[in-house]
Amino acid sequence: MKEWFVVQTHANLEDLAINSIKKSGFDVYCPKYLRTITHARQTKKVLKPLFPRYIFISFSKKNSNWIKINYLRGVSSLIMNNECISSLPSFFINDLKNYELKNGII
């Protein structure tokens with residue numbers, strides 16, 4: 001059974017981490033929102049992560065392949081409790097996805 005876990009990324013490298021994790025065959029979820037940025041009298045909307053430096057990844061604990069996640073580009077570390085990886089409650093990700101609009105923005 002697949003569970004959801006939290007991965008900490010390097011600063012502003014969430015997209016790089018997402019791409020490298022997807023290439024390794026894991027399911028990734030990074031909720032984003034539209035942020036309005038004003039600079040030099042110009043306003044633009046930019047997609048930003050809802051939780052900066054954190055993304056969610058789904059895999060089975062029985063799969064020994066998860067250890068390589070810590071060594072992927074853009075990844076700082078997999079969040080662990082002592083030496084054991086700790087999973088999120090399943091309703092957490094489901095509730096986040098319920099807040100998404102059709103285009104995937106929260």
# chains A, B, ... in the order shown; residues from 1 in each chain; ligands from 1
call {"tool": "select_by_dssp", "arguments": {"residues": "chain A", "states": "helix (DSSP H, G or I)", "output": "list in words"}}
result
Glu14, Asp15, Leu16, Ala17, Ile18, Asn19, Ser20, Ile21, Lys22, Lys23, Ser64, Asn65, Trp66, Ile67, Lys68, Ile69, Asn70, Tyr71, Ser90, Phe91, Phe92, Ile93, Asn94, Asp95, Leu96, Lys97 and Asn98 of chain A
call {"tool": "write_last_selection", "arguments": {"atoms": "C-alpha atoms", "output": "PDB file, in the first residue's frame"}}
result
ATOM      1  CA  GLU A  14      11.003  22.445  -5.738  1.00  0.00           C
ATOM      2  CA  ASP A  15      10.500  22.027  -9.497  1.00  0.00           C
ATOM      3  CA  LEU A  16      13.954  20.491  -9.974  1.00  0.00           C
ATOM      4  CA  ALA A  17      13.268  18.042  -7.134  1.00  0.00           C
ATOM      5  CA  ILE A  18       9.823  17.182  -8.552  1.00  0.00           C
ATOM      6  CA  ASN A  19      11.301  16.406 -11.982  1.00  0.00           C
ATOM      7  CA  SER A  20      14.113  14.238 -10.616  1.00  0.00           C
ATOM      8  CA  ILE A  21      11.729  12.339  -8.311  1.00  0.00           C
ATOM      9  CA  LYS A  22       9.248  11.731 -11.148  1.00  0.00           C
ATOM     10  CA  LYS A  23      12.063  10.404 -13.347  1.00  0.00           C
ATOM     11  CA  SER A  64      13.748  -0.502  -0.709  1.00  0.00           C
ATOM     12  CA  ASN A  65      14.175   1.898  -3.622  1.00  0.00           C
ATOM     13  CA  TRP A  66      13.066   4.919  -1.527  1.00  0.00           C
ATOM     14  CA  ILE A  67      16.545   5.345  -0.019  1.00  0.00           C
ATOM     15  CA  LYS A  68      17.808   6.957  -3.235  1.00  0.00           C
ATOM     16  CA  ILE A  69      15.379   9.883  -2.809  1.00  0.00           C
ATOM     17  CA  ASN A  70      17.858  11.652  -0.502  1.00  0.00           C
ATOM     18  CA  TYR A  71      20.449  11.691  -3.305  1.00  0.00           C
ATOM     19  CA  SER A  90      -4.037   9.759   4.192  1.00  0.00           C
ATOM     20  CA  PHE A  91      -6.756  12.372   4.715  1.00  0.00           C
ATOM     21  CA  PHE A  92      -4.188  15.214   4.693  1.00  0.00           C
ATOM     22  CA  ILE A  93      -3.355  14.930   0.986  1.00  0.00           C
ATOM     23  CA  ASN A  94      -6.976  14.167   0.076  1.00  0.00           C
ATOM     24  CA  ASP A  95      -8.155  17.323   1.874  1.00  0.00           C
ATOM     25  CA  LEU A  96      -5.513  19.435   0.095  1.00  0.00           C
ATOM     26  CA  LYS A  97      -6.608  18.065  -3.272  1.00  0.00           C
ATOM     27  CA  ASN A  98     -10.231  18.909  -2.456  1.00  0.00           C
TER      28      ASN A  98
END
call {"tool": "select_by_dssp", "arguments": {"residues": "segment 17-83 of chain A", "states": "strand (DSSP E or B)", "output": "NGL selection string"}}
result
:A and (27-29 or 32-39 or 42-49 or 54-59 or 75-78 or 80-81)
call {"tool": "residues_around", "arguments": {"residues": "Ala11 of chain A", "least_positions_apart": "6", "cutoff": "10 Å", "atoms": "only C-alpha atoms", "output": "list in words"}}
result
Pro52, Arg53, Tyr54, Gly74, Val75 and Ser76 of chain A
call {"tool": "write_last_selection", "arguments": {"atoms": "C-alpha atoms", "output": "PDB file, in the first residue's frame"}}
result
ATOM      1  CA  PRO A  52       7.986  26.330   0.391  1.00  0.00           C
ATOM      2  CA  ARG A  53      10.848  23.785   0.428  1.00  0.00           C
ATOM      3  CA  TYR A  54       8.452  20.840   1.017  1.00  0.00           C
ATOM      4  CA  GLY A  74      17.047  19.362  -5.626  1.00  0.00           C
ATOM      5  CA  VAL A  75      16.288  17.149  -2.618  1.00  0.00           C
ATOM      6  CA  SER A  76      17.683  18.089   0.766  1.00  0.00           C
TER       7      SER A  76
END
call {"tool": "atom_distance", "arguments": {"atom1": "atom CA of Leu34 of chain A", "atom2": "atom CA of Leu47 of chain A"}}
result
4.7 Å
call {"tool": "closest_residue", "arguments": {"among": "A:Ser24, A:Asn82, A:Asn12, A:Ser87", "to": "Lys48 of chain A", "atoms": "only C-alpha atoms"}}
result
A:Asn12
